[in-house]
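Chemist: Contents are mmCIF, C-alpha atoms and all ligand atoms; file name work09.cif:
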```
data_input
#
loop_
_atom_site.label_atom_id
_atom_site.label_comp_id
_atom_site.auth_asym_id
_atom_site.auth_seq_id
_atom_site.Cartn_x
_atom_site.Cartn_y
_atom_site.Cartn_z
CA MET Y 1 4.63 6.04 -12.76
CA GLY Y 2 5.20 9.75 -12.16
CA GLY Y 3 8.10 12.15 -11.78
CA CYS Y 4 10.43 10.24 -14.11
CA LYS Y 5 13.40 12.44 -14.89
CA THR Y 6 15.34 9.88 -16.84
CA ASP Y 7 14.21 6.68 -18.48
CA VAL Y 8 17.17 4.76 -17.07
CA PHE Y 9 17.13 3.14 -13.63
CA LYS Y 10 20.44 2.58 -11.87
CA LYS Y 11 20.36 -1.22 -12.00
CA THR Y 12 22.10 -1.99 -8.75
CA ALA Y 13 20.44 0.73 -6.67
CA PRO Y 14 17.80 -0.41 -4.18
CA VAL Y 15 14.04 -0.08 -4.58
CA GLY Y 16 12.45 2.12 -1.90
CA VAL Y 17 9.13 1.04 -0.39
CA VAL Y 18 7.23 3.32 1.97
CA ASP Y 19 4.15 3.07 4.17
CA SER Y 20 2.90 4.47 7.45
CA GLY Y 21 3.83 1.17 9.09
CA VAL Y 22 3.80 -2.57 8.45
CA GLY Y 23 1.15 -2.45 5.71
CA GLY Y 24 3.61 -1.93 2.87
CA LEU Y 25 5.07 -5.35 3.59
CA THR Y 26 2.04 -6.69 1.69
CA VAL Y 27 3.48 -4.97 -1.40
CA ALA Y 28 7.10 -5.87 -0.57
CA ARG Y 29 6.23 -9.59 -0.56
CA HIS Y 30 5.21 -9.39 -4.24
CA LEU Y 31 8.32 -7.36 -5.07
CA GLN Y 32 10.54 -9.99 -3.45
CA ARG Y 33 8.83 -12.77 -5.39
CA MET Y 34 8.83 -10.97 -8.76
CA LEU Y 35 12.23 -9.30 -8.42
CA PRO Y 36 14.40 -11.57 -6.26
CA GLY Y 37 17.64 -9.74 -7.14
CA GLU Y 38 16.51 -6.31 -5.99
CA ASP Y 39 17.72 -4.75 -2.76
CA ILE Y 40 14.67 -3.38 -0.95
CA VAL Y 41 14.86 -0.47 1.46
CA TYR Y 42 11.59 -0.40 3.38
CA LEU Y 43 10.48 2.54 5.49
CA GLY Y 44 7.49 2.31 7.85
CA ASP Y 45 6.59 5.62 9.47
CA GLY Y 46 5.26 3.91 12.59
CA ALA Y 47 5.75 6.97 14.81
CA ASN Y 48 3.08 8.76 12.75
CA CYS Y 49 0.77 5.82 12.05
CA PRO Y 50 -2.15 5.82 11.37
CA TYR Y 51 -1.98 8.18 8.41
CA GLY Y 52 -5.59 7.67 7.42
CA ASN Y 53 -7.16 10.06 9.94
CA ARG Y 54 -4.70 12.87 9.19
CA THR Y 55 -5.20 16.09 7.25
CA ARG Y 56 -3.88 16.75 3.75
CA GLU Y 57 -1.37 19.23 5.21
CA GLU Y 58 0.00 16.68 7.69
CA LEU Y 59 0.31 14.05 4.96
CA GLU Y 60 2.13 16.53 2.70
CA THR Y 61 4.76 17.03 5.39
CA LEU Y 62 5.06 13.34 6.28
CA HIS Y 63 5.40 12.10 2.73
CA ARG Y 64 8.12 14.64 1.95
CA LYS Y 65 10.11 13.47 4.97
CA THR Y 66 9.76 9.78 4.15
CA PHE Y 67 10.57 10.32 0.46
CA GLY Y 68 13.60 12.37 1.55
CA PHE Y 69 14.85 9.48 3.69
CA LEU Y 70 14.52 7.00 0.84
CA LEU Y 71 16.20 9.33 -1.64
CA ARG Y 72 19.14 9.69 0.76
CA GLN Y 73 19.45 5.88 0.63
CA GLY Y 74 20.01 6.22 -3.13
CA VAL Y 75 16.88 4.37 -4.27
CA LYS Y 76 16.20 4.02 -8.00
CA ALA Y 77 12.39 4.12 -7.56
CA ILE Y 78 9.88 4.74 -4.79
CA VAL Y 79 6.96 2.36 -4.37
CA VAL Y 80 4.26 4.08 -2.32
CA ALA Y 81 2.85 1.02 -0.57
CA CYS Y 82 0.17 3.13 1.07
CA ASN Y 83 -3.26 3.93 -0.31
CA THR Y 84 -3.55 7.06 1.80
CA VAL Y 85 -0.41 8.72 0.42
CA SER Y 86 -1.25 7.37 -3.04
CA SER Y 87 -4.61 9.16 -2.77
CA LEU Y 88 -2.77 12.35 -1.86
CA LEU Y 89 -0.46 12.02 -4.87
CA ASP Y 90 -3.04 10.73 -7.34
CA ARG Y 91 -3.01 12.78 -10.55
CA ARG Y 92 0.02 14.75 -9.31
CA ALA Y 93 2.96 15.06 -11.67
CA ALA Y 94 5.69 16.12 -9.23
CA ASP Y 95 9.33 15.42 -9.98
CA TYR Y 96 11.01 13.57 -7.13
CA GLY Y 97 14.15 12.73 -9.08
CA VAL Y 98 13.24 9.03 -9.33
CA PRO Y 99 10.08 7.37 -10.66
CA VAL Y 100 7.30 7.03 -8.10
CA PHE Y 101 4.76 4.20 -8.18
CA THR Y 102 1.41 4.60 -6.45
CA ILE Y 103 -1.33 2.07 -5.80
CA ILE Y 104 -4.73 3.51 -6.81
CA ALA Y 105 -4.42 3.18 -10.59
CA PRO Y 106 -3.14 -0.42 -10.33
CA ALA Y 107 -5.99 -1.11 -7.90
CA ALA Y 108 -8.52 0.09 -10.46
CA GLN Y 109 -6.94 -2.31 -12.98
CA ALA Y 110 -7.35 -5.15 -10.48
CA VAL Y 111 -11.02 -4.26 -10.01
CA ALA Y 112 -11.61 -4.13 -13.78
CA ARG Y 113 -9.95 -7.51 -14.15
CA SER Y 114 -12.04 -9.07 -11.36
CA GLY Y 115 -15.23 -8.79 -13.42
CA ALA Y 116 -17.10 -7.33 -10.42
CA GLN Y 117 -20.11 -5.15 -11.16
CA ARG Y 118 -20.77 -4.09 -7.58
CA VAL Y 119 -17.72 -3.70 -5.39
CA GLY Y 120 -17.17 -2.63 -1.80
CA LEU Y 121 -14.21 -0.50 -0.75
CA ILE Y 122 -12.86 -0.49 2.78
CA ALA Y 123 -10.03 2.00 3.28
CA THR Y 124 -8.85 4.80 5.53
CA ALA Y 125 -10.95 7.94 5.96
CA PHE Y 126 -8.52 9.98 3.84
CA THR Y 127 -8.60 7.48 0.98
CA VAL Y 128 -12.39 7.11 1.01
CA HIS Y 129 -13.03 10.86 1.18
CA SER Y 130 -10.54 11.61 -1.60
CA GLY Y 131 -12.91 9.82 -3.99
CA CYS Y 132 -9.95 8.64 -6.04
CA TYR Y 133 -10.97 4.97 -6.06
CA GLU Y 134 -14.32 5.83 -7.67
CA ARG Y 135 -12.58 8.18 -10.10
CA ARG Y 136 -10.00 5.64 -11.20
CA ILE Y 137 -12.46 2.72 -11.40
CA HIS Y 138 -15.07 4.72 -13.33
CA ALA Y 139 -12.44 5.93 -15.79
CA LEU Y 140 -11.93 2.26 -16.71
CA CYS Y 141 -15.43 0.84 -16.12
CA PRO Y 142 -18.13 3.50 -15.64
CA GLN Y 143 -20.82 0.89 -14.93
CA ILE Y 144 -19.22 -0.55 -11.79
CA GLU Y 145 -20.99 0.44 -8.59
CA VAL Y 146 -18.53 1.29 -5.81
CA VAL Y 147 -19.77 1.33 -2.21
CA SER Y 148 -17.19 2.76 0.20
CA LYS Y 149 -16.70 2.76 3.95
CA ASP Y 150 -13.81 4.02 5.98
CA SER Y 151 -12.35 2.35 9.02
CA PRO Y 152 -10.96 4.72 11.62
CA SER Y 153 -9.11 2.03 13.57
CA LEU Y 154 -8.27 -1.10 11.55
CA ALA Y 155 -4.86 0.08 10.28
CA ALA Y 156 -3.76 0.95 13.82
CA LEU Y 157 -4.96 -2.41 15.15
CA VAL Y 158 -2.88 -4.18 12.51
CA ASP Y 159 0.11 -1.91 13.00
CA GLY Y 160 0.16 -2.81 16.67
CA GLY Y 161 0.99 -6.41 15.69
CA ALA Y 162 -2.46 -7.66 14.59
CA SER Y 163 -2.82 -9.63 17.81
CA ASP Y 164 -6.22 -8.43 19.05
CA GLU Y 165 -8.32 -10.77 16.88
CA HIS Y 166 -11.52 -9.86 18.69
CA ALA Y 167 -11.17 -6.12 18.06
CA ILE Y 168 -10.10 -6.74 14.44
CA ASP Y 169 -13.11 -8.98 13.72
CA ALA Y 170 -15.47 -6.49 15.40
CA GLU Y 171 -14.15 -3.60 13.29
CA ILE Y 172 -14.34 -5.62 10.05
CA THR Y 173 -17.87 -6.76 10.88
CA ALA Y 174 -19.03 -3.20 11.61
CA GLN Y 175 -17.56 -1.52 8.52
CA VAL Y 176 -18.11 -4.24 5.92
CA GLY Y 177 -21.56 -4.86 7.42
CA ASP Y 178 -22.34 -1.21 6.70
CA ILE Y 179 -21.33 -1.68 3.04
CA LEU Y 180 -23.49 -4.79 2.68
CA ARG Y 181 -26.51 -3.05 4.21
CA ARG Y 182 -26.25 -0.47 1.42
CA ALA Y 183 -25.61 -2.82 -1.51
CA PRO Y 184 -25.13 -6.55 -2.16
CA VAL Y 185 -21.51 -6.28 -3.25
CA THR Y 186 -19.77 -9.46 -4.39
CA HIS Y 187 -16.18 -8.19 -4.12
CA LEU Y 188 -14.34 -6.15 -1.51
CA ILE Y 189 -11.30 -3.98 -2.24
CA LEU Y 190 -8.80 -4.02 0.61
CA GLY Y 191 -8.01 -0.33 0.06
CA CYS Y 192 -5.35 -0.05 2.75
CA THR Y 193 -2.14 -2.06 2.57
CA HIS Y 194 -2.47 -3.05 6.23
CA TYR Y 195 -5.66 -5.01 5.56
CA PRO Y 196 -4.30 -7.99 3.57
CA ILE Y 197 -2.29 -8.88 6.70
CA VAL Y 198 -5.64 -9.79 8.27
CA ALA Y 199 -7.19 -11.27 5.10
CA ALA Y 200 -8.05 -14.40 7.10
CA ASN Y 201 -10.21 -12.28 9.42
CA PHE Y 202 -12.06 -10.80 6.42
CA HIS Y 203 -12.63 -14.32 5.06
CA ARG Y 204 -13.85 -15.54 8.44
CA CYS Y 205 -16.28 -12.63 8.91
CA PHE Y 206 -17.54 -12.46 5.30
CA PRO Y 207 -16.73 -15.74 3.48
CA GLN Y 208 -19.06 -14.84 0.59
CA LEU Y 209 -16.93 -11.85 -0.52
CA ALA Y 210 -14.08 -12.13 -3.03
CA LEU Y 211 -11.20 -9.98 -1.75
CA ILE Y 212 -9.25 -7.69 -4.08
CA ASP Y 213 -5.72 -6.86 -2.91
CA PRO Y 214 -4.15 -4.27 -5.26
CA ALA Y 215 -0.59 -4.95 -4.04
CA GLU Y 216 0.36 -7.44 -6.74
CA GLU Y 217 -0.81 -5.08 -9.47
CA GLU Y 218 1.32 -2.25 -8.07
CA ALA Y 219 4.38 -4.50 -7.87
CA ALA Y 220 3.77 -5.59 -11.47
CA ALA Y 221 3.82 -1.93 -12.59
CA LEU Y 222 7.34 -1.55 -11.19
CA VAL Y 223 8.45 -4.82 -12.80
CA ARG Y 224 7.18 -3.62 -16.19
CA ALA Y 225 8.96 -0.27 -15.89
CA LEU Y 226 12.25 -1.85 -14.82
CA ARG Y 227 12.06 -4.42 -17.61
CA GLU Y 228 11.27 -1.80 -20.28
CA ASN Y 229 14.20 0.34 -19.12
CA ASP Y 230 16.70 -2.47 -18.58
CA GLY Y 231 16.71 -1.60 -14.89
CA ILE Y 232 16.40 -5.01 -13.21
CA ASN Y 233 19.16 -5.90 -10.75
CA PRO Y 234 20.71 -9.16 -12.03
CA ALA Y 235 21.94 -10.20 -8.55
CA ALA Y 236 20.90 -13.64 -7.31
CA ALA Y 237 19.41 -12.44 -4.04
CA GLY Y 238 18.62 -8.93 -2.86
CA ARG Y 239 19.15 -7.45 0.57
CA PHE Y 240 16.02 -6.57 2.54
CA SER Y 241 16.45 -3.67 4.96
CA ILE Y 242 13.65 -2.35 7.14
CA TYR Y 243 13.72 1.09 8.74
CA THR Y 244 11.01 2.47 10.94
CA THR Y 245 10.34 5.62 12.91
CA GLY Y 246 8.24 3.51 15.30
CA ASP Y 247 8.50 0.21 17.17
CA PRO Y 248 10.85 -2.09 15.23
CA SER Y 249 9.70 -5.26 17.03
CA VAL Y 250 6.50 -5.72 14.97
CA TYR Y 251 8.20 -5.90 11.56
CA ALA Y 252 10.00 -9.26 11.51
CA PRO Y 253 6.96 -11.22 12.81
CA ILE Y 254 4.61 -9.61 10.25
CA ALA Y 255 7.18 -10.14 7.47
CA ALA Y 256 7.40 -13.82 8.45
CA ARG Y 257 3.61 -14.11 8.57
CA LEU Y 258 3.50 -12.77 4.98
CA GLY Y 259 6.19 -15.19 3.76
CA LEU Y 260 8.88 -12.58 3.11
CA THR Y 261 12.49 -13.61 3.41
CA PRO Y 262 13.79 -12.43 6.79
CA PRO Y 263 15.12 -8.85 6.78
CA SER Y 264 18.88 -8.49 7.14
CA LEU Y 265 18.30 -5.38 9.20
CA VAL Y 266 15.47 -3.80 11.18
CA GLU Y 267 16.41 -0.42 12.54
CA GLN Y 268 14.69 2.52 14.19
CA VAL Y 269 15.45 5.84 12.49
CA ARG Y 270 14.41 9.48 12.52
CA VAL Y 271 13.48 10.95 9.15
N1 LIG Y 301 -1.30 1.38 4.94
C1 LIG Y 301 -1.79 2.67 4.64
C2 LIG Y 301 -2.81 2.68 3.55
O1 LIG Y 301 -2.71 1.85 2.68
C3 LIG Y 301 -2.03 3.62 5.75
C4 LIG Y 301 -2.87 3.19 6.90
C5 LIG Y 301 -2.84 4.25 7.96
O2 LIG Y 301 -1.74 4.56 8.41
O3 LIG Y 301 -3.90 4.78 8.31
O4 LIG Y 301 -3.67 3.51 3.51
#
```
Translate this structure into structure tokens?
Ligand code: DGL
Modeler:
Amino acid sequence: MGGCKTDVFKKTAPVGVVDSGVGGLTVARHLQRMLPGEDIVYLGDGANCPYGNRTREELETLHRKTFGFLLRQGVKAIVVACNTVSSLLDRRAADYGVPVFTIIAPAAQAVARSGAQRVGLIATAFTVHSGCYERRIHALCPQIEVVSKDSPSLAALVDGGASDEHAIDAEITAQVGDILRRAPVTHLILGCTHYPIVAANFHRCFPQLALIDPAEEEAAALVRALRENDGINPAAAGRFSIYTTGDPSVYAPIAARLGLTPPSLVEQVRV
């Protein structure tokens, strides 16, 4: 958690969740399950997806715009459900006015807990080249070998609705195959929030690998912070609103595929 100005969350304010597209729904599903009373305001920056092939400067601009949108919705916390932006913000102590939760440190916890000694990482180019996964994992467990490979196209294939199974399997086979040619990893970190949406494709292509999805760990970090600060919304059922700068039609089907409760609103916005 970074940028915490006050230790008190406004209980009834919504939780903001942000990603470049549909990937953050893989974090939102854990939030809904763990915190059923919270209103969730989700923003997918589909017009600018994929983030993973962008420069640091572009990501700086995009994340400020998306954070600005969520702050205007009055959120009590921002959950960065995006490894790429989390890599950008890793180790940064900026003050955004509300606490910000990122995914790399929770992911390292999930890896440590898995017991893996040799782990593969598939993520976007920005995330892989930032080196922050290795840094965070080695800070906890210096002996773990991390073998990384970026995918230039998997996030975009998933963000388009995850319908081209052939192209998705081919991309997974190429990139994870590259990891396995370099080291016999036993576990694979899905280091982009879009990837758990196609977990079944990973299982089909590489059934021997145990998949690590850091989303649950990130959601748990928010739950802990809300609990410790008496910030949990006591409502019986929260409202789930989805905003996107891109094509709104992909969100409800992916949300349903992930078992989320149906959104009460899916709306295209400019940020
Ligand atoms: N879902 C995001 C991530 O976790 C971004 C994918 C992308 O837009 O390239 O990295």
Chemist: Taking only residues of chain Y that have an atom at most 6 Å from an atom of ligand LIG 301 (chain Y), what is each one's shortest atom pair and its distance in Å to one decimal, using all atoms listed in the file, in chain and number order, as CSV?
Modeler:
```
residue,atom,partner,partner_atom,distance
Y:Asp19,CA,Y:LIG301,N1,5.8
Y:Ser20,CA,Y:LIG301,O2,4.7
Y:Gly23,CA,Y:LIG301,N1,4.6
Y:Cys49,CA,Y:LIG301,O2,4.6
Y:Pro50,CA,Y:LIG301,O2,3.2
Y:Tyr51,CA,Y:LIG301,O2,3.6
Y:Gly52,CA,Y:LIG301,O3,3.5
Y:Cys82,CA,Y:LIG301,O1,3.5
Y:Asn83,CA,Y:LIG301,O1,3.7
Y:Thr84,CA,Y:LIG301,O4,3.9
Y:Thr124,CA,Y:LIG301,O3,5.7
Y:Ala155,CA,Y:LIG301,C4,5.0
Y:Cys192,CA,Y:LIG301,O1,3.3
Y:Thr193,CA,Y:LIG301,O1,4.0
Y:His194,CA,Y:LIG301,N1,4.8
```
Chemist: Compile the contact shell of Gln32 in chain Y as a PyMOL selection string: residues with an atom at most 10 Å away, counting all atoms listed in the file, same-chain residues fewer than 3 positions apart removed.
Modeler: chain Y and resi 27-29+35-40+219+237-240+259-261
Chemist: Could those residues be written to a file, using C-alpha atoms, as a tab-separated table (two decimals), in the coordinates of the input?
Modeler:
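The new file again20.tsv reads:
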```tsv
chain	number	residue	atom	x	y	z
Y	27	VAL	CA	3.48	-4.97	-1.40
Y	28	ALA	CA	7.10	-5.87	-0.57
Y	29	ARG	CA	6.23	-9.59	-0.56
Y	35	LEU	CA	12.23	-9.30	-8.42
Y	36	PRO	CA	14.40	-11.57	-6.26
Y	37	GLY	CA	17.64	-9.74	-7.14
Y	38	GLU	CA	16.51	-6.31	-5.99
Y	39	ASP	CA	17.72	-4.75	-2.76
Y	40	ILE	CA	14.67	-3.38	-0.95
Y	219	ALA	CA	4.38	-4.50	-7.87
Y	237	ALA	CA	19.41	-12.44	-4.04
Y	238	GLY	CA	18.62	-8.93	-2.86
Y	239	ARG	CA	19.15	-7.45	0.57
Y	240	PHE	CA	16.02	-6.57	2.54
Y	259	GLY	CA	6.19	-15.19	3.76
Y	260	LEU	CA	8.88	-12.58	3.11
Y	261	THR	CA	12.49	-13.61	3.41
```
Chemist: If I take CA of Val79 in chain Y and CA of Leu222 in chain Y, how far is one from the other in Å, to one decimal?
Modeler: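 Pair CA of Val79 in chain Y / CA of Leu222 in chain Y returns 7.9 Å.
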Chemist: Counting all atoms listed in the file, figure out which residue out of Y:Ala81, Y:Leu25, Y:Leu265, Y:Val271 gets nearest to Ala107 in chain Y.
Modeler: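 When distances to Ala107 in chain Y are compared using all atoms listed in the file, the smallest one comes from Y:Ala81.
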Chemist: Nearest to Arg91 in chain Y among Y:His187, Y:Arg136, Y:Arg64, Y:His166, with distances taken over all atoms listed in the file: which residue is it?
Modeler: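 Ranked by minimum distance to Arg91 in chain Y, first place goes to Y:Arg136.
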Chemist: Would you kindly return, as an MDAnalysis selection string, each protein, DNA or RNA residue with an atom no farther than 10 Å from any atom of Ala210 in chain Y, considering all atoms listed in the file and excluding same-chain residues fewer than 6 positions away?
Modeler: chainID Y and resid 114 116 119 185:189 202:203
Chemist: Give the answer as one residue: which of Y:Gln143, Y:Gln175, Y:Thr12, Y:Asn48 has the shortest atom-to-atom distance to Asp247 in chain Y, using all atoms listed in the file?
Modeler: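 For Asp247 in chain Y, the nearest of the candidates is Y:Asn48.
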Chemist: When you draw a straight line from CA of Phe126 in chain Y to CA of Gly24 in chain Y, how long is it in Å?
Modeler: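 Result for CA of Phe126 in chain Y versus CA of Gly24 in chain Y: 17.0 Å, one decimal.
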Chemist: Interatomic distance between CA of Leu180 in chain Y and CA of Thr127 in chain Y?
Modeler: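 Pair CA of Leu180 in chain Y / CA of Thr127 in chain Y returns 19.4 Å.
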Chemist: With distances taken over all atoms listed in the file, which of Y:Ala108, Y:Ile212, Y:Ala77, Y:Ala123 is nearest to Gly231 in chain Y?
Modeler: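 Under the stated criterion, the closest residue is Y:Ala77.
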Chemist: Just save range 11-32 of chain Y with N, CA, C and O atoms, as an mmCIF file, in the first residue's frame.
Modeler:
```
data_model
loop_
_atom_site.group_PDB
_atom_site.id
_atom_site.type_symbol
_atom_site.label_atom_id
_atom_site.label_comp_id
_atom_site.auth_asym_id
_atom_site.auth_seq_id
_atom_site.Cartn_x
_atom_site.Cartn_y
_atom_site.Cartn_z
ATOM 1 N N LYS Y 11 -15.813 4.514 4.632
ATOM 2 C CA LYS Y 11 -16.430 3.179 4.531
ATOM 3 C C LYS Y 11 -17.313 2.959 3.325
ATOM 4 O O LYS Y 11 -17.251 1.929 2.664
ATOM 5 N N THR Y 12 -18.178 3.919 3.046
ATOM 6 C CA THR Y 12 -19.187 3.684 2.012
ATOM 7 C C THR Y 12 -18.722 4.114 0.620
ATOM 8 O O THR Y 12 -19.462 3.952 -0.349
ATOM 9 N N ALA Y 13 -17.516 4.645 0.526
ATOM 10 C CA ALA Y 13 -17.004 5.034 -0.796
ATOM 11 C C ALA Y 13 -16.626 3.780 -1.584
ATOM 12 O O ALA Y 13 -16.288 2.750 -0.999
ATOM 13 N N PRO Y 14 -16.687 3.854 -2.929
ATOM 14 C CA PRO Y 14 -16.351 2.677 -3.719
ATOM 15 C C PRO Y 14 -14.848 2.390 -3.750
ATOM 16 O O PRO Y 14 -14.033 3.256 -3.447
ATOM 17 N N VAL Y 15 -14.541 1.161 -4.138
ATOM 18 C CA VAL Y 15 -13.147 0.764 -4.393
ATOM 19 C C VAL Y 15 -12.910 0.917 -5.894
ATOM 20 O O VAL Y 15 -13.702 0.422 -6.706
ATOM 21 N N GLY Y 16 -11.841 1.592 -6.272
ATOM 22 C CA GLY Y 16 -11.496 1.740 -7.689
ATOM 23 C C GLY Y 16 -10.566 0.622 -8.129
ATOM 24 O O GLY Y 16 -9.648 0.245 -7.402
ATOM 25 N N VAL Y 17 -10.843 0.074 -9.299
ATOM 26 C CA VAL Y 17 -9.992 -0.989 -9.860
ATOM 27 C C VAL Y 17 -9.641 -0.562 -11.278
ATOM 28 O O VAL Y 17 -10.533 -0.181 -12.044
ATOM 29 N N VAL Y 18 -8.350 -0.622 -11.626
ATOM 30 C CA VAL Y 18 -7.960 -0.131 -12.948
ATOM 31 C C VAL Y 18 -7.029 -1.111 -13.662
ATOM 32 O O VAL Y 18 -6.164 -1.732 -13.057
ATOM 33 N N ASP Y 19 -7.258 -1.219 -14.960
ATOM 34 C CA ASP Y 19 -6.390 -2.023 -15.830
ATOM 35 C C ASP Y 19 -6.436 -1.402 -17.223
ATOM 36 O O ASP Y 19 -7.248 -0.516 -17.501
ATOM 37 N N SER Y 20 -5.596 -1.939 -18.102
ATOM 38 C CA SER Y 20 -5.630 -1.478 -19.492
ATOM 39 C C SER Y 20 -6.873 -1.991 -20.213
ATOM 40 O O SER Y 20 -7.195 -1.501 -21.298
ATOM 41 N N GLY Y 21 -7.529 -2.991 -19.646
ATOM 42 C CA GLY Y 21 -8.692 -3.565 -20.335
ATOM 43 C C GLY Y 21 -9.437 -4.510 -19.430
ATOM 44 O O GLY Y 21 -9.691 -4.197 -18.261
ATOM 45 N N VAL Y 22 -9.742 -5.703 -19.960
ATOM 46 C CA VAL Y 22 -10.571 -6.655 -19.197
ATOM 47 C C VAL Y 22 -9.786 -7.425 -18.135
ATOM 48 O O VAL Y 22 -10.381 -8.088 -17.281
ATOM 49 N N GLY Y 23 -8.445 -7.359 -18.189
ATOM 50 C CA GLY Y 23 -7.626 -8.197 -17.313
ATOM 51 C C GLY Y 23 -7.908 -7.995 -15.835
ATOM 52 O O GLY Y 23 -7.926 -8.941 -15.055
ATOM 53 N N GLY Y 24 -8.167 -6.759 -15.441
ATOM 54 C CA GLY Y 24 -8.386 -6.466 -14.025
ATOM 55 C C GLY Y 24 -9.627 -7.135 -13.460
ATOM 56 O O GLY Y 24 -9.796 -7.199 -12.239
ATOM 57 N N LEU Y 25 -10.475 -7.650 -14.342
ATOM 58 C CA LEU Y 25 -11.641 -8.386 -13.833
ATOM 59 C C LEU Y 25 -11.194 -9.628 -13.070
ATOM 60 O O LEU Y 25 -11.928 -10.132 -12.209
ATOM 61 N N THR Y 26 -9.989 -10.127 -13.366
ATOM 62 C CA THR Y 26 -9.485 -11.301 -12.636
ATOM 63 C C THR Y 26 -9.128 -10.941 -11.190
ATOM 64 O O THR Y 26 -9.050 -11.821 -10.339
ATOM 65 N N VAL Y 27 -8.893 -9.656 -10.936
ATOM 66 C CA VAL Y 27 -8.703 -9.196 -9.552
ATOM 67 C C VAL Y 27 -10.065 -8.857 -8.942
ATOM 68 O O VAL Y 27 -10.353 -9.207 -7.798
ATOM 69 N N ALA Y 28 -10.917 -8.213 -9.743
ATOM 70 C CA ALA Y 28 -12.248 -7.810 -9.243
ATOM 71 C C ALA Y 28 -13.051 -9.023 -8.761
ATOM 72 O O ALA Y 28 -13.816 -8.922 -7.813
ATOM 73 N N ARG Y 29 -12.850 -10.180 -9.397
ATOM 74 C CA ARG Y 29 -13.657 -11.344 -8.959
ATOM 75 C C ARG Y 29 -13.298 -11.742 -7.526
ATOM 76 O O ARG Y 29 -14.165 -12.152 -6.758
ATOM 77 N N HIS Y 30 -12.027 -11.606 -7.144
ATOM 78 C CA HIS Y 30 -11.651 -11.913 -5.757
ATOM 79 C C HIS Y 30 -12.172 -10.837 -4.804
ATOM 80 O O HIS Y 30 -12.578 -11.125 -3.691
ATOM 81 N N LEU Y 31 -12.141 -9.579 -5.256
ATOM 82 C CA LEU Y 31 -12.668 -8.492 -4.418
ATOM 83 C C LEU Y 31 -14.149 -8.709 -4.142
ATOM 84 O O LEU Y 31 -14.610 -8.561 -3.007
ATOM 85 N N GLN Y 32 -14.893 -9.067 -5.179
ATOM 86 C CA GLN Y 32 -16.340 -9.305 -4.989
ATOM 87 C C GLN Y 32 -16.599 -10.422 -3.989
ATOM 88 O O GLN Y 32 -17.507 -10.349 -3.173
#
```
